[in-house]
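Student: What follows is final.pdb, made up of PDB, C-alpha atoms:
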```
ATOM      1  CA  MET A   1      -3.066  21.372 -29.667  1.00  0.00           C
ATOM      2  CA  ASN A   2       0.126  19.302 -29.773  1.00  0.00           C
ATOM      3  CA  LYS A   3       0.692  15.921 -28.128  1.00  0.00           C
ATOM      4  CA  ASP A   4       2.139  17.352 -24.886  1.00  0.00           C
ATOM      5  CA  GLN A   5      -0.715  19.828 -24.547  1.00  0.00           C
ATOM      6  CA  ALA A   6      -3.227  17.046 -25.168  1.00  0.00           C
ATOM      7  CA  ILE A   7      -1.713  14.865 -22.469  1.00  0.00           C
ATOM      8  CA  ARG A   8      -1.654  17.792 -20.017  1.00  0.00           C
ATOM      9  CA  TRP A   9      -5.296  18.502 -20.882  1.00  0.00           C
ATOM     10  CA  LEU A  10      -6.180  14.847 -20.249  1.00  0.00           C
ATOM     11  CA  ILE A  11      -4.573  15.050 -16.805  1.00  0.00           C
ATOM     12  CA  ASP A  12      -6.558  18.207 -16.009  1.00  0.00           C
ATOM     13  CA  GLN A  13      -9.818  16.538 -17.110  1.00  0.00           C
ATOM     14  CA  ARG A  14      -9.396  13.820 -14.489  1.00  0.00           C
ATOM     15  CA  LYS A  15     -10.450  16.437 -11.929  1.00  0.00           C
ATOM     16  CA  THR A  16     -13.611  17.605 -13.722  1.00  0.00           C
ATOM     17  CA  GLU A  17     -17.076  16.322 -14.507  1.00  0.00           C
ATOM     18  CA  VAL A  18     -16.312  15.802 -18.211  1.00  0.00           C
ATOM     19  CA  PRO A  19     -17.581  12.393 -19.420  1.00  0.00           C
ATOM     20  CA  LEU A  20     -14.936  10.027 -20.736  1.00  0.00           C
ATOM     21  CA  GLN A  21     -16.449  10.002 -24.241  1.00  0.00           C
ATOM     22  CA  GLU A  22     -15.987  13.774 -24.563  1.00  0.00           C
ATOM     23  CA  VAL A  23     -12.389  13.557 -23.308  1.00  0.00           C
ATOM     24  CA  VAL A  24     -11.664  10.874 -25.912  1.00  0.00           C
ATOM     25  CA  HIS A  25     -13.383  12.851 -28.685  1.00  0.00           C
ATOM     26  CA  ARG A  26     -11.363  15.988 -27.935  1.00  0.00           C
ATOM     27  CA  LEU A  27      -8.135  14.015 -27.852  1.00  0.00           C
ATOM     28  CA  LYS A  28      -8.964  12.295 -31.148  1.00  0.00           C
ATOM     29  CA  VAL A  29      -9.450  15.675 -32.781  1.00  0.00           C
ATOM     30  CA  ALA A  30      -6.241  17.045 -31.237  1.00  0.00           C
ATOM     31  CA  LEU A  31      -4.088  14.018 -32.042  1.00  0.00           C
ATOM     32  CA  SER A  32      -5.501  12.999 -35.406  1.00  0.00           C
ATOM     33  CA  PHE A  33      -2.290  14.076 -37.149  1.00  0.00           C
ATOM     34  CA  ASP A  34      -0.142  11.643 -35.124  1.00  0.00           C
ATOM     35  CA  PRO A  35      -0.748   7.939 -35.984  1.00  0.00           C
ATOM     36  CA  GLN A  36       1.211   6.664 -32.959  1.00  0.00           C
ATOM     37  CA  ALA A  37      -0.729   8.912 -30.590  1.00  0.00           C
ATOM     38  CA  MET A  38      -4.007   7.790 -32.167  1.00  0.00           C
ATOM     39  CA  ALA A  39      -3.052   4.120 -31.727  1.00  0.00           C
ATOM     40  CA  LEU A  40      -2.268   4.778 -28.059  1.00  0.00           C
ATOM     41  CA  LEU A  41      -5.539   6.670 -27.637  1.00  0.00           C
ATOM     42  CA  HIS A  42      -7.545   3.791 -29.159  1.00  0.00           C
ATOM     43  CA  GLN A  43      -5.839   1.361 -26.794  1.00  0.00           C
ATOM     44  CA  ILE A  44      -6.489   3.575 -23.756  1.00  0.00           C
ATOM     45  CA  THR A  45     -10.115   4.075 -24.788  1.00  0.00           C
ATOM     46  CA  ALA A  46     -10.642   0.325 -24.973  1.00  0.00           C
ATOM     47  CA  GLU A  47      -8.940  -0.234 -21.623  1.00  0.00           C
ATOM     48  CA  VAL A  48     -10.756   2.514 -19.707  1.00  0.00           C
ATOM     49  CA  LYS A  49     -14.260   1.500 -20.867  1.00  0.00           C
ATOM     50  CA  THR A  50     -15.025  -0.936 -18.075  1.00  0.00           C
ATOM     51  CA  PRO A  51     -18.062  -1.393 -15.842  1.00  0.00           C
ATOM     52  CA  CYS A  52     -16.368   0.114 -12.786  1.00  0.00           C
ATOM     53  CA  GLY A  53     -16.631   3.723 -13.939  1.00  0.00           C
ATOM     54  CA  SER A  54     -17.458   5.785 -16.963  1.00  0.00           C
ATOM     55  CA  ARG A  55     -15.745   9.044 -16.085  1.00  0.00           C
ATOM     56  CA  MET A  56     -12.078   9.508 -15.392  1.00  0.00           C
ATOM     57  CA  GLN A  57     -12.648  11.426 -12.166  1.00  0.00           C
ATOM     58  CA  ASP A  58     -14.322   8.317 -10.728  1.00  0.00           C
ATOM     59  CA  LEU A  59     -10.800   7.046 -10.084  1.00  0.00           C
ATOM     60  CA  PRO A  60      -8.842   8.628  -7.285  1.00  0.00           C
ATOM     61  CA  PRO A  61      -5.366   9.888  -8.181  1.00  0.00           C
ATOM     62  CA  PRO A  62      -2.346   8.553  -6.295  1.00  0.00           C
ATOM     63  CA  ARG A  63      -1.783  10.022  -2.848  1.00  0.00           C
ATOM     64  CA  ASN A  64       1.945  10.327  -3.436  1.00  0.00           C
ATOM     65  CA  PRO A  65       3.100  10.370  -7.082  1.00  0.00           C
ATOM     66  CA  SER A  66       6.709  10.010  -5.961  1.00  0.00           C
ATOM     67  CA  ARG A  67       6.026   6.413  -4.851  1.00  0.00           C
ATOM     68  CA  GLY A  68       4.430   3.227  -6.058  1.00  0.00           C
ATOM     69  CA  PHE A  69       3.064   2.424  -9.489  1.00  0.00           C
ATOM     70  CA  TRP A  70       3.001   6.083 -10.599  1.00  0.00           C
ATOM     71  CA  ARG A  71       6.710   6.626  -9.897  1.00  0.00           C
ATOM     72  CA  VAL A  72       7.885   3.433 -11.599  1.00  0.00           C
ATOM     73  CA  THR A  73       5.835   4.070 -14.738  1.00  0.00           C
ATOM     74  CA  ALA A  74       7.089   7.656 -14.911  1.00  0.00           C
ATOM     75  CA  GLN A  75      10.689   6.477 -14.537  1.00  0.00           C
ATOM     76  CA  ALA A  76      10.097   3.988 -17.360  1.00  0.00           C
ATOM     77  CA  GLY A  77       9.038   6.818 -19.663  1.00  0.00           C
ATOM     78  CA  ILE A  78       5.336   5.946 -19.609  1.00  0.00           C
ATOM     79  CA  GLU A  79       2.802   8.738 -19.081  1.00  0.00           C
ATOM     80  CA  SER A  80       1.612   7.814 -15.586  1.00  0.00           C
ATOM     81  CA  ALA A  81      -1.678   9.662 -16.022  1.00  0.00           C
ATOM     82  CA  MET A  82      -2.534   7.182 -18.773  1.00  0.00           C
ATOM     83  CA  ALA A  83      -1.175   4.090 -17.025  1.00  0.00           C
ATOM     84  CA  TRP A  84      -2.923   4.792 -13.691  1.00  0.00           C
ATOM     85  CA  PRO A  85      -6.559   4.449 -14.889  1.00  0.00           C
ATOM     86  CA  ILE A  86      -5.709   1.359 -16.927  1.00  0.00           C
ATOM     87  CA  ALA A  87      -4.128  -0.300 -13.890  1.00  0.00           C
ATOM     88  CA  MET A  88      -6.914   0.806 -11.540  1.00  0.00           C
ATOM     89  CA  HIS A  89      -9.693  -0.488 -13.802  1.00  0.00           C
ATOM     90  CA  THR A  90      -7.903  -3.752 -14.542  1.00  0.00           C
ATOM     91  CA  LEU A  91      -7.186  -4.505 -10.878  1.00  0.00           C
ATOM     92  CA  ILE A  92     -10.675  -3.549  -9.707  1.00  0.00           C
ATOM     93  CA  ALA A  93     -12.332  -5.650 -12.419  1.00  0.00           C
ATOM     94  CA  THR A  94     -10.047  -8.653 -11.890  1.00  0.00           C
ATOM     95  CA  THR A  95      -9.841  -8.783  -8.103  1.00  0.00           C
ATOM     96  CA  GLY A  96     -13.237  -7.390  -7.140  1.00  0.00           C
ATOM     97  CA  GLU A  97     -11.519  -5.314  -4.445  1.00  0.00           C
ATOM     98  CA  PRO A  98     -12.796  -1.769  -3.737  1.00  0.00           C
ATOM     99  CA  VAL A  99     -11.338   1.305  -5.429  1.00  0.00           C
ATOM    100  CA  HIS A 100      -9.709   2.638  -2.254  1.00  0.00           C
ATOM    101  CA  ALA A 101      -7.971  -0.704  -1.610  1.00  0.00           C
ATOM    102  CA  VAL A 102      -6.540  -0.827  -5.137  1.00  0.00           C
ATOM    103  CA  ARG A 103      -5.360   2.771  -4.789  1.00  0.00           C
ATOM    104  CA  VAL A 104      -3.511   1.982  -1.548  1.00  0.00           C
ATOM    105  CA  PHE A 105      -1.955  -1.083  -3.189  1.00  0.00           C
ATOM    106  CA  LEU A 106      -0.759   0.868  -6.250  1.00  0.00           C
ATOM    107  CA  ASP A 107       0.671   3.597  -3.999  1.00  0.00           C
ATOM    108  CA  SER A 108       2.681   1.040  -2.000  1.00  0.00           C
ATOM    109  CA  ARG A 109       6.004  -0.737  -2.480  1.00  0.00           C
ATOM    110  CA  MET A 110       4.018  -3.694  -3.835  1.00  0.00           C
ATOM    111  CA  GLY A 111       2.524  -1.273  -6.367  1.00  0.00           C
ATOM    112  CA  GLU A 112       6.094  -0.524  -7.428  1.00  0.00           C
ATOM    113  CA  GLN A 113       6.744  -4.236  -7.912  1.00  0.00           C
ATOM    114  CA  PHE A 114       3.510  -4.583  -9.860  1.00  0.00           C
ATOM    115  CA  ALA A 115       4.588  -1.668 -12.077  1.00  0.00           C
ATOM    116  CA  ARG A 116       7.965  -3.323 -12.676  1.00  0.00           C
ATOM    117  CA  ALA A 117       6.183  -6.528 -13.727  1.00  0.00           C
ATOM    118  CA  THR A 118       4.004  -4.450 -16.052  1.00  0.00           C
ATOM    119  CA  MET A 119       7.037  -2.665 -17.535  1.00  0.00           C
ATOM    120  CA  ALA A 120       8.741  -6.034 -18.104  1.00  0.00           C
ATOM    121  CA  HIS A 121       5.802  -7.048 -20.294  1.00  0.00           C
ATOM    122  CA  ALA A 122       5.724  -3.645 -22.021  1.00  0.00           C
ATOM    123  CA  ARG A 123       9.429  -3.936 -22.914  1.00  0.00           C
ATOM    124  CA  VAL A 124       8.754  -6.990 -25.069  1.00  0.00           C
ATOM    125  CA  GLY A 125       6.513  -4.955 -27.339  1.00  0.00           C
ATOM    126  CA  VAL A 126       2.977  -5.397 -26.040  1.00  0.00           C
ATOM    127  CA  GLY A 127       0.850  -2.323 -25.467  1.00  0.00           C
ATOM    128  CA  LEU A 128       0.382  -0.784 -22.057  1.00  0.00           C
ATOM    129  CA  GLY A 129      -3.117  -2.199 -21.513  1.00  0.00           C
ATOM    130  CA  ARG A 130      -2.003  -5.694 -22.485  1.00  0.00           C
ATOM    131  CA  ALA A 131       1.089  -5.373 -20.268  1.00  0.00           C
ATOM    132  CA  VAL A 132      -1.101  -4.491 -17.266  1.00  0.00           C
ATOM    133  CA  ARG A 133      -3.413  -7.434 -18.012  1.00  0.00           C
ATOM    134  CA  LEU A 134      -0.478  -9.839 -18.345  1.00  0.00           C
ATOM    135  CA  ALA A 135       1.059  -8.671 -15.049  1.00  0.00           C
ATOM    136  CA  THR A 136      -2.361  -8.999 -13.411  1.00  0.00           C
ATOM    137  CA  GLU A 137      -2.790 -12.521 -14.749  1.00  0.00           C
ATOM    138  CA  ASP A 138       0.707 -13.465 -13.525  1.00  0.00           C
ATOM    139  CA  TRP A 139       0.016 -12.139 -10.029  1.00  0.00           C
ATOM    140  CA  MET A 140      -3.422 -13.759  -9.881  1.00  0.00           C
ATOM    141  CA  ALA A 141      -1.941 -17.134 -10.862  1.00  0.00           C
ATOM    142  CA  ARG A 142       0.599 -17.081  -8.009  1.00  0.00           C
ATOM    143  CA  PRO A 143      -0.508 -18.363  -4.612  1.00  0.00           C
ATOM    144  CA  MET A 144       0.230 -16.405  -1.451  1.00  0.00           C
ATOM    145  CA  ASP A 145       3.269 -17.817   0.262  1.00  0.00           C
ATOM    146  CA  GLU A 146       2.581 -19.865   3.389  1.00  0.00           C
ATOM    147  CA  ILE A 147       4.192 -17.391   5.812  1.00  0.00           C
ATOM    148  CA  ALA A 148       2.176 -14.423   4.507  1.00  0.00           C
ATOM    149  CA  ARG A 149      -1.010 -16.499   4.662  1.00  0.00           C
ATOM    150  CA  LEU A 150      -0.353 -17.409   8.293  1.00  0.00           C
ATOM    151  CA  VAL A 151       0.878 -14.003   9.457  1.00  0.00           C
ATOM    152  CA  TYR A 152      -1.958 -12.063   7.822  1.00  0.00           C
ATOM    153  CA  ARG A 153      -4.597 -14.780   8.331  1.00  0.00           C
ATOM    154  CA  LEU A 154      -5.640 -14.913   4.702  1.00  0.00           C
ATOM    155  CA  ASP A 155      -7.690 -17.714   3.248  1.00  0.00           C
ATOM    156  CA  ASP A 156      -6.577 -19.288   0.019  1.00  0.00           C
ATOM    157  CA  VAL A 157      -6.449 -16.152  -2.135  1.00  0.00           C
ATOM    158  CA  PRO A 158      -4.334 -15.285  -5.154  1.00  0.00           C
ATOM    159  CA  PHE A 159      -1.118 -13.352  -4.568  1.00  0.00           C
ATOM    160  CA  LEU A 160      -2.538 -10.107  -5.988  1.00  0.00           C
ATOM    161  CA  VAL A 161      -5.730 -10.193  -3.925  1.00  0.00           C
ATOM    162  CA  GLY A 162      -3.749 -11.062  -0.802  1.00  0.00           C
ATOM    163  CA  TRP A 163      -1.394  -8.106  -1.172  1.00  0.00           C
ATOM    164  CA  ILE A 164      -4.221  -5.684  -1.928  1.00  0.00           C
ATOM    165  CA  ARG A 165      -5.870  -6.808   1.327  1.00  0.00           C
ATOM    166  CA  ILE A 166      -2.605  -6.709   3.287  1.00  0.00           C
ATOM    167  CA  MET A 167      -1.947  -3.111   2.211  1.00  0.00           C
ATOM    168  CA  GLN A 168      -5.298  -2.151   3.793  1.00  0.00           C
ATOM    169  CA  ARG A 169      -4.156  -3.104   7.286  1.00  0.00           C
TER     170      ARG A 169
END
```
Spit out the file's structure as structure tokens when you get a sec.

Tutor:
Amino acid sequence: MNKDQAIRWLIDQRKTEVPLQEVVHRLKVALSFDPQAMALLHQITAEVKTPCGSRMQDLPPPRNPSRGFWRVTAQAGIESAMAWPIAMHTLIATTGEPVHAVRVFLDSRMGEQFARATMAHARVGVGLGRAVRLATEDWMARPMDEIARLVYRLDDVPFLVGWIRIMQR
């Protein structure tokens, strides 16, 4: 199995009942010859192991891959199928918002902006998981602007939480 086949296989496994540990084991065996791929796999494994889900199919795929976070990461040359679960888990764990709300946010134009912020961090040499965490921290540190707070009747919430909630309306 080469790298492209392994990535395609990983995408297919998102739709099955295969536990994450088995997916990772199979990929480790398939990619063991490629040190860069193994480094990426170790990073992804660390990022995806969070309390909000242990199997990849627990996360819904994007509704429209030609928009939002998925599109921007694909245009940046990042494998969107790897970036999506990292972003979903990070946002769910950080904001405490439900899975469906985070999915809607990442599928939206604000999801595109979040992806651009993530790619800006990735361009300076940090790994994908760290780039997502840094973008998340940046967005959580920003307050909602006064107009958005008044229009959408949001309490004092961080920028990221506010936009995830706004996208639900």

Student: Given the point (3.8, -3.2, -10.2) in the file's coordinates, find the residues that have an atom at most 10 Å from it, counting all atoms listed in the file, and give them as a compact mmCIF listing (two decimals) with C-alpha atoms, keeping the file's coordinate frame.

Tutor:
```txt
# COMPACT_ATOMS: atom_id res chain seq x y z
CA GLY A 68 4.43 3.23 -6.06
CA PHE A 69 3.06 2.42 -9.49
CA TRP A 70 3.00 6.08 -10.60
CA VAL A 72 7.88 3.43 -11.60
CA THR A 73 5.84 4.07 -14.74
CA ALA A 87 -4.13 -0.30 -13.89
CA PHE A 105 -1.96 -1.08 -3.19
CA LEU A 106 -0.76 0.87 -6.25
CA ASP A 107 0.67 3.60 -4.00
CA SER A 108 2.68 1.04 -2.00
CA ARG A 109 6.00 -0.74 -2.48
CA MET A 110 4.02 -3.69 -3.84
CA GLY A 111 2.52 -1.27 -6.37
CA GLU A 112 6.09 -0.52 -7.43
CA GLN A 113 6.74 -4.24 -7.91
CA PHE A 114 3.51 -4.58 -9.86
CA ALA A 115 4.59 -1.67 -12.08
CA ARG A 116 7.96 -3.32 -12.68
CA ALA A 117 6.18 -6.53 -13.73
CA THR A 118 4.00 -4.45 -16.05
CA MET A 119 7.04 -2.66 -17.54
CA ALA A 120 8.74 -6.03 -18.10
CA VAL A 132 -1.10 -4.49 -17.27
CA ALA A 135 1.06 -8.67 -15.05
CA THR A 136 -2.36 -9.00 -13.41
CA TRP A 139 0.02 -12.14 -10.03
```

Student: Kindly extract all protein, DNA and RNA residues lying within 12 Å of the coordinates (-3.6, -12.6, -2.5) given in the file, considering all atoms listed in the file, and supply them as a PDB file with C-alpha atoms, in the coordinates of the input.

Tutor:
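Contents of selection_36.pdb, freshly written:
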```pdb
ATOM      1  CA  THR A  95      -9.841  -8.783  -8.103  1.00  0.00           C
ATOM      2  CA  GLY A  96     -13.237  -7.390  -7.140  1.00  0.00           C
ATOM      3  CA  GLU A  97     -11.519  -5.314  -4.445  1.00  0.00           C
ATOM      4  CA  PHE A 105      -1.955  -1.083  -3.189  1.00  0.00           C
ATOM      5  CA  MET A 110       4.018  -3.694  -3.835  1.00  0.00           C
ATOM      6  CA  THR A 136      -2.361  -8.999 -13.411  1.00  0.00           C
ATOM      7  CA  ASP A 138       0.707 -13.465 -13.525  1.00  0.00           C
ATOM      8  CA  TRP A 139       0.016 -12.139 -10.029  1.00  0.00           C
ATOM      9  CA  MET A 140      -3.422 -13.759  -9.881  1.00  0.00           C
ATOM     10  CA  ALA A 141      -1.941 -17.134 -10.862  1.00  0.00           C
ATOM     11  CA  ARG A 142       0.599 -17.081  -8.009  1.00  0.00           C
ATOM     12  CA  PRO A 143      -0.508 -18.363  -4.612  1.00  0.00           C
ATOM     13  CA  MET A 144       0.230 -16.405  -1.451  1.00  0.00           C
ATOM     14  CA  ASP A 145       3.269 -17.817   0.262  1.00  0.00           C
ATOM     15  CA  GLU A 146       2.581 -19.865   3.389  1.00  0.00           C
ATOM     16  CA  ALA A 148       2.176 -14.423   4.507  1.00  0.00           C
ATOM     17  CA  ARG A 149      -1.010 -16.499   4.662  1.00  0.00           C
ATOM     18  CA  TYR A 152      -1.958 -12.063   7.822  1.00  0.00           C
ATOM     19  CA  ARG A 153      -4.597 -14.780   8.331  1.00  0.00           C
ATOM     20  CA  LEU A 154      -5.640 -14.913   4.702  1.00  0.00           C
ATOM     21  CA  ASP A 155      -7.690 -17.714   3.248  1.00  0.00           C
ATOM     22  CA  ASP A 156      -6.577 -19.288   0.019  1.00  0.00           C
ATOM     23  CA  VAL A 157      -6.449 -16.152  -2.135  1.00  0.00           C
ATOM     24  CA  PRO A 158      -4.334 -15.285  -5.154  1.00  0.00           C
ATOM     25  CA  PHE A 159      -1.118 -13.352  -4.568  1.00  0.00           C
ATOM     26  CA  LEU A 160      -2.538 -10.107  -5.988  1.00  0.00           C
ATOM     27  CA  VAL A 161      -5.730 -10.193  -3.925  1.00  0.00           C
ATOM     28  CA  GLY A 162      -3.749 -11.062  -0.802  1.00  0.00           C
ATOM     29  CA  TRP A 163      -1.394  -8.106  -1.172  1.00  0.00           C
ATOM     30  CA  ILE A 164      -4.221  -5.684  -1.928  1.00  0.00           C
ATOM     31  CA  ARG A 165      -5.870  -6.808   1.327  1.00  0.00           C
ATOM     32  CA  ILE A 166      -2.605  -6.709   3.287  1.00  0.00           C
ATOM     33  CA  MET A 167      -1.947  -3.111   2.211  1.00  0.00           C
TER      34      MET A 167
END
```

Student: Nearest to Asn64 of chain A: which of A:Val104, A:Ile147, A:Ala76, A:Ala122 is it, counting only C-alpha atoms?

Tutor: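 Once distances to Asn64 of chain A are computed over only C-alpha atoms, the minimum belongs to A:Val104.
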
Student: In Å, rounded to a single decimal, give me how far atom CA of Gly77 of chain A is from atom CA of Arg130 of chain A.

Tutor: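 Those two atoms sit 16.9 Å apart.
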
Student: By how many Å are atom CA of Pro61 of chain A and atom CA of Pro85 of chain A apart?

Tutor: 8.7 Å

Student: Where atoms are missing, can you supply all heavy atoms for segment 61-71 of chain A and output the lot as a JSON list (two decimals), in the coordinates of the input?

Tutor:
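Result saved to result03.json:
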```json
[["chain", "number", "residue", "atom", "x", "y", "z"],
["A", 61, "PRO", "N", -6.77, 9.81, -7.78],
["A", 61, "PRO", "CA", -5.37, 9.89, -8.18],
["A", 61, "PRO", "C", -4.49, 9.30, -7.08],
["A", 61, "PRO", "O", -4.96, 9.06, -5.96],
["A", 61, "PRO", "CB", -5.13, 11.39, -8.33],
["A", 61, "PRO", "CG", -6.10, 12.01, -7.39],
["A", 61, "PRO", "CD", -7.32, 11.11, -7.39],
["A", 62, "PRO", "N", -3.22, 9.07, -7.36],
["A", 62, "PRO", "CA", -2.35, 8.55, -6.30],
["A", 62, "PRO", "C", -2.20, 9.58, -5.18],
["A", 62, "PRO", "O", -2.30, 10.79, -5.42],
["A", 62, "PRO", "CB", -1.01, 8.32, -7.01],
["A", 62, "PRO", "CG", -1.05, 9.21, -8.19],
["A", 62, "PRO", "CD", -2.49, 9.32, -8.59],
["A", 63, "ARG", "N", -1.99, 9.10, -3.97],
["A", 63, "ARG", "CA", -1.78, 10.02, -2.85],
["A", 63, "ARG", "C", -0.40, 10.64, -2.89],
["A", 63, "ARG", "O", -0.19, 11.75, -2.48],
["A", 63, "ARG", "CB", -1.98, 9.28, -1.53],
["A", 63, "ARG", "CG", -3.43, 8.99, -1.26],
["A", 63, "ARG", "CD", -3.67, 8.70, 0.21],
["A", 63, "ARG", "NE", -5.09, 8.58, 0.42],
["A", 63, "ARG", "CZ", -5.69, 7.48, 0.82],
["A", 63, "ARG", "NH1", -4.98, 6.40, 1.04],
["A", 63, "ARG", "NH2", -6.98, 7.45, 1.00],
["A", 64, "ASN", "N", 0.57, 9.85, -3.38],
["A", 64, "ASN", "CA", 1.94, 10.33, -3.44],
["A", 64, "ASN", "C", 2.57, 9.88, -4.76],
["A", 64, "ASN", "O", 3.04, 8.75, -4.86],
["A", 64, "ASN", "CB", 2.75, 9.78, -2.25],
["A", 64, "ASN", "CG", 4.15, 10.34, -2.18],
["A", 64, "ASN", "OD1", 4.58, 11.04, -3.08],
["A", 64, "ASN", "ND2", 4.85, 10.03, -1.12],
["A", 65, "PRO", "N", 2.58, 10.75, -5.77],
["A", 65, "PRO", "CA", 3.10, 10.37, -7.08],
["A", 65, "PRO", "C", 4.60, 10.05, -7.10],
["A", 65, "PRO", "O", 5.11, 9.56, -8.09],
["A", 65, "PRO", "CB", 2.82, 11.59, -7.96],
["A", 65, "PRO", "CG", 1.80, 12.38, -7.24],
["A", 65, "PRO", "CD", 1.98, 12.08, -5.78],
["A", 66, "SER", "N", 5.28, 10.32, -6.00],
["A", 66, "SER", "CA", 6.71, 10.01, -5.96],
["A", 66, "SER", "C", 6.96, 8.59, -5.45],
["A", 66, "SER", "O", 8.11, 8.22, -5.18],
["A", 66, "SER", "CB", 7.44, 11.03, -5.08],
["A", 66, "SER", "OG", 6.99, 10.94, -3.75],
["A", 67, "ARG", "N", 5.90, 7.80, -5.31],
["A", 67, "ARG", "CA", 6.03, 6.41, -4.85],
["A", 67, "ARG", "C", 5.15, 5.50, -5.70],
["A", 67, "ARG", "O", 4.33, 5.94, -6.48],
["A", 67, "ARG", "CB", 5.55, 6.29, -3.40],
["A", 67, "ARG", "CG", 6.38, 7.04, -2.41],
["A", 67, "ARG", "CD", 5.98, 6.69, -0.99],
["A", 67, "ARG", "NE", 6.09, 5.24, -0.81],
["A", 67, "ARG", "CZ", 5.37, 4.54, 0.04],
["A", 67, "ARG", "NH1", 4.49, 5.14, 0.80],
["A", 67, "ARG", "NH2", 5.51, 3.24, 0.15],
["A", 68, "GLY", "N", 5.32, 4.23, -5.51],
["A", 68, "GLY", "CA", 4.43, 3.23, -6.06],
["A", 68, "GLY", "C", 4.41, 3.13, -7.57],
["A", 68, "GLY", "O", 5.37, 3.44, -8.26],
["A", 69, "PHE", "N", 3.27, 2.67, -8.07],
["A", 69, "PHE", "CA", 3.06, 2.42, -9.49],
["A", 69, "PHE", "C", 3.34, 3.68, -10.32],
["A", 69, "PHE", "O", 3.99, 3.62, -11.36],
["A", 69, "PHE", "CB", 1.62, 1.95, -9.69],
["A", 69, "PHE", "CG", 1.28, 1.57, -11.10],
["A", 69, "PHE", "CD1", 1.54, 0.29, -11.56],
["A", 69, "PHE", "CD2", 0.69, 2.48, -11.96],
["A", 69, "PHE", "CE1", 1.22, -0.07, -12.87],
["A", 69, "PHE", "CE2", 0.37, 2.13, -13.26],
["A", 69, "PHE", "CZ", 0.64, 0.85, -13.72],
["A", 70, "TRP", "N", 2.85, 4.82, -9.86],
["A", 70, "TRP", "CA", 3.00, 6.08, -10.60],
["A", 70, "TRP", "C", 4.48, 6.40, -10.83],
["A", 70, "TRP", "O", 4.89, 6.73, -11.94],
["A", 70, "TRP", "CB", 2.31, 7.21, -9.82],
["A", 70, "TRP", "CG", 2.18, 8.49, -10.58],
["A", 70, "TRP", "CD1", 3.16, 9.43, -10.79],
["A", 70, "TRP", "CD2", 1.01, 8.99, -11.23],
["A", 70, "TRP", "NE1", 2.66, 10.47, -11.53],
["A", 70, "TRP", "CE2", 1.34, 10.23, -11.80],
["A", 70, "TRP", "CE3", -0.28, 8.50, -11.36],
["A", 70, "TRP", "CZ2", 0.43, 11.00, -12.52],
["A", 70, "TRP", "CZ3", -1.19, 9.28, -12.07],
["A", 70, "TRP", "CH2", -0.84, 10.50, -12.64],
["A", 71, "ARG", "N", 5.28, 6.29, -9.80],
["A", 71, "ARG", "CA", 6.71, 6.63, -9.90],
["A", 71, "ARG", "C", 7.43, 5.70, -10.87],
["A", 71, "ARG", "O", 8.20, 6.15, -11.72],
["A", 71, "ARG", "CB", 7.38, 6.55, -8.53],
["A", 71, "ARG", "CG", 8.89, 6.87, -8.58],
["A", 71, "ARG", "CD", 9.53, 6.79, -7.22],
["A", 71, "ARG", "NE", 9.60, 5.45, -6.69],
["A", 71, "ARG", "CZ", 10.56, 4.56, -6.99],
["A", 71, "ARG", "NH1", 11.52, 4.87, -7.81],
["A", 71, "ARG", "NH2", 10.54, 3.36, -6.45]]
```
